[in-house]
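This report concerns only the one structure given below.
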Amino acid sequence: MLSGETIHKIMISDNDKEKVFDLLEDETIKSMIEAASETRLKKANDFINLKYTLYLYTNDYNVYTIKIDEDQIYLDDHFYTVVGENGFYQIVEEIHNQQN
């Protein structure tokens with residue numbers, strides 16, 4: 001996933017469909033990607049209903065989907081359990097709560 005591609009937009013949707021919004025600020029996108037790369041994962045076989053869906057839009061016109069909850073992530077057609085703290089989820093939750 002991504003393979004060095006530059007992300008220019010992230011669209012976040014909560015699964016209750018209460019809020020859908022785009023993130024375009026480079027620094028916010030960078031901090032989210034850094035937090036995601038620091039999150040430790042363990043492969044899982046199943047999942048619960050994940051709270052947020054993120055669509056990552058790259059400058060190469062690719063779109064990637066990540067689904068996330070406090071302790072689980074769906075990424076690259078695989079389900080993972082988060083091992084330890086999930087800083088990525090915390091950033092998504094914080095940004096979501098700041099939206100109108």
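Letters for chains follow the order of the structure tokens (A, B, ...), residue numbers begin at 1 for each chain, and ligand numbers begin at 1 in the order shown.
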Report task. Determine, counting only C-alpha atoms, which protein, DNA and RNA residues have an atom within 7 Å of an atom of range 55-60 of chain A; residues of the same chain fewer than 3 positions away are not included. Present the result as a list in words. Result -> Glu5, Thr6, Ile7, His8, Lys9, Ile10, Met11, Ile12, Val63, Tyr64, Thr65 and Ile66 of chain A
Query raised in the report: Do you know which residues are at most 12 Å from Phe21 in chain A counting only C-alpha atoms, after dropping those on the same chain fewer than 6 positions away, and could you put them as a ChimeraX atom specification?
Result: /A:9-14,52-55,92,95-100
Query raised in the report: So which bits of range 40-96 of chain A end up strand (DSSP E or B) when you DSSP the backbone, as a count of residues only?
Result: 28
Query raised in the report: Taking into account only C-alpha atoms, which residue in the set A:Tyr61, A:Leu41, A:Lys67, A:Asn49 is nearest to Tyr80 in chain A?
Result: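 Of A:Tyr61, A:Leu41, A:Lys67, A:Asn49, the one nearest Tyr80 in chain A is A:Leu41, counting only C-alpha atoms.
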Requested in this report: Would you mind reading off the distance between CA of Ile91 in chain A and CA of Lys17 in chain A, one decimal, in Å?
Outcome: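 Atom-to-atom, CA of Ile91 in chain A to CA of Lys17 in chain A, that is 18.8 Å.
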Requested in this report: Could you tell me how far CA of Asp71 in chain A lies from CA of Glu18 in chain A, in Å and to one decimal?
Outcome: 21.4 Å
Report task. Could you tell me, as a list in words, which residues of chain A DSSP assigns to alpha helix (DSSP H) when given the backbone? Result ->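 Residues meeting the alpha helix (DSSP H) criterion: Asp26, Glu27, Thr28, Ile29, Lys30, Ser31, Met32, Ile33, Glu34, Ala35, Ala36, Ser37, Glu38, Gly87, Phe88, Tyr89, Gln90, Ile91, Val92, Glu93, Glu94, Ile95, His96, Asn97 and Gln98 of chain A.
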Quick one: write out the picked residues with N, CA and C atoms as a JSON list (two decimals), in the first residue's frame?
[["chain", "number", "residue", "atom", "x", "y", "z"],
["A", 26, "ASP", "N", -1.37, 19.46, 4.67],
["A", 26, "ASP", "CA", -0.22, 18.56, 4.58],
["A", 26, "ASP", "C", 0.29, 18.11, 5.94],
["A", 27, "GLU", "N", 0.35, 19.02, 6.91],
["A", 27, "GLU", "CA", 0.87, 18.66, 8.23],
["A", 27, "GLU", "C", -0.04, 17.66, 8.94],
["A", 28, "THR", "N", -1.34, 17.83, 8.82],
["A", 28, "THR", "CA", -2.28, 16.90, 9.44],
["A", 28, "THR", "C", -2.17, 15.52, 8.79],
["A", 29, "ILE", "N", -2.09, 15.49, 7.47],
["A", 29, "ILE", "CA", -1.94, 14.23, 6.76],
["A", 29, "ILE", "C", -0.64, 13.56, 7.16],
["A", 30, "LYS", "N", 0.43, 14.33, 7.24],
["A", 30, "LYS", "CA", 1.74, 13.77, 7.62],
["A", 30, "LYS", "C", 1.70, 13.18, 9.03],
["A", 31, "SER", "N", 1.08, 13.88, 9.97],
["A", 31, "SER", "CA", 1.01, 13.37, 11.35],
["A", 31, "SER", "C", 0.17, 12.09, 11.42],
["A", 32, "MET", "N", -0.88, 12.02, 10.62],
["A", 32, "MET", "CA", -1.70, 10.80, 10.61],
["A", 32, "MET", "C", -0.92, 9.62, 10.06],
["A", 33, "ILE", "N", -0.19, 9.83, 8.97],
["A", 33, "ILE", "CA", 0.58, 8.76, 8.36],
["A", 33, "ILE", "C", 1.70, 8.30, 9.28],
["A", 34, "GLU", "N", 2.34, 9.24, 9.97],
["A", 34, "GLU", "CA", 3.39, 8.86, 10.92],
["A", 34, "GLU", "C", 2.81, 8.03, 12.06],
["A", 35, "ALA", "N", 1.66, 8.44, 12.59],
["A", 35, "ALA", "CA", 1.03, 7.68, 13.68],
["A", 35, "ALA", "C", 0.63, 6.30, 13.20],
["A", 36, "ALA", "N", 0.13, 6.21, 11.96],
["A", 36, "ALA", "CA", -0.26, 4.90, 11.42],
["A", 36, "ALA", "C", 0.96, 4.00, 11.28],
["A", 37, "SER", "N", 2.08, 4.55, 10.84],
["A", 37, "SER", "CA", 3.27, 3.71, 10.63],
["A", 37, "SER", "C", 3.87, 3.25, 11.95],
["A", 38, "GLU", "N", 3.58, 3.94, 13.04],
["A", 38, "GLU", "CA", 4.10, 3.55, 14.35],
["A", 38, "GLU", "C", 3.18, 2.57, 15.09],
["A", 87, "GLY", "N", -2.15, 5.19, 18.37],
["A", 87, "GLY", "CA", -2.05, 6.62, 18.16],
["A", 87, "GLY", "C", -2.77, 7.08, 16.90],
["A", 88, "PHE", "N", -2.82, 6.23, 15.90],
["A", 88, "PHE", "CA", -3.52, 6.54, 14.65],
["A", 88, "PHE", "C", -5.00, 6.77, 14.93],
["A", 89, "TYR", "N", -5.62, 5.84, 15.65],
["A", 89, "TYR", "CA", -7.04, 5.98, 16.00],
["A", 89, "TYR", "C", -7.26, 7.25, 16.81],
["A", 90, "GLN", "N", -6.38, 7.54, 17.74],
["A", 90, "GLN", "CA", -6.53, 8.71, 18.60],
["A", 90, "GLN", "C", -6.54, 9.99, 17.78],
["A", 91, "ILE", "N", -5.67, 10.08, 16.77],
["A", 91, "ILE", "CA", -5.65, 11.26, 15.90],
["A", 91, "ILE", "C", -6.94, 11.36, 15.09],
["A", 92, "VAL", "N", -7.38, 10.23, 14.53],
["A", 92, "VAL", "CA", -8.63, 10.24, 13.74],
["A", 92, "VAL", "C", -9.80, 10.66, 14.62],
["A", 93, "GLU", "N", -9.88, 10.13, 15.82],
["A", 93, "GLU", "CA", -10.95, 10.46, 16.75],
["A", 93, "GLU", "C", -10.92, 11.95, 17.11],
["A", 94, "GLU", "N", -9.73, 12.47, 17.37],
["A", 94, "GLU", "CA", -9.59, 13.88, 17.71],
["A", 94, "GLU", "C", -10.03, 14.79, 16.56],
["A", 95, "ILE", "N", -9.59, 14.48, 15.35],
["A", 95, "ILE", "CA", -9.97, 15.26, 14.17],
["A", 95, "ILE", "C", -11.48, 15.17, 13.95],
["A", 96, "HIS", "N", -12.03, 13.98, 14.08],
["A", 96, "HIS", "CA", -13.47, 13.79, 13.92],
["A", 96, "HIS", "C", -14.25, 14.64, 14.91],
["A", 97, "ASN", "N", -13.82, 14.67, 16.15],
["A", 97, "ASN", "CA", -14.51, 15.43, 17.19],
["A", 97, "ASN", "C", -14.40, 16.94, 16.98],
["A", 98, "GLN", "N", -13.38, 17.39, 16.26],
["A", 98, "GLN", "CA", -13.21, 18.83, 16.00],
["A", 98, "GLN", "C", -14.10, 19.31, 14.86]]
Query - For Val83 in chain A: contacts at 12 Å, only C-alpha atoms, fewer than 5 positions along chain excluded, given as a VMD selection string - result: chain A and resid 38 to 44 70 to 73
Write the residues of the preceding selection, restricted to C-alpha atoms, as an mmCIF file, in the first residue's frame.
data_model
loop_
_atom_site.group_PDB
_atom_site.id
_atom_site.type_symbol
_atom_site.label_atom_id
_atom_site.label_comp_id
_atom_site.auth_asym_id
_atom_site.auth_seq_id
_atom_site.Cartn_x
_atom_site.Cartn_y
_atom_site.Cartn_z
ATOM 1 C CA GLU A 38 4.100 3.545 14.353
ATOM 2 C CA THR A 39 1.045 1.437 15.195
ATOM 3 C CA ARG A 40 1.933 -2.200 15.847
ATOM 4 C CA LEU A 41 -0.432 -4.748 14.310
ATOM 5 C CA LYS A 42 -1.155 -8.448 14.638
ATOM 6 C CA LYS A 43 -3.069 -10.251 11.877
ATOM 7 C CA ALA A 44 -6.627 -11.219 12.827
ATOM 8 C CA GLU A 70 -9.772 1.668 18.751
ATOM 9 C CA ASP A 71 -8.283 -1.815 18.672
ATOM 10 C CA GLN A 72 -8.688 -3.050 15.073
ATOM 11 C CA ILE A 73 -7.680 -1.972 11.561
#
Report task. Please measure the separation of CA of Lys19 in chain A and CA of Ile48 in chain A, giving the value in Å to one decimal. Result ->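 The value is 20.2 Å.
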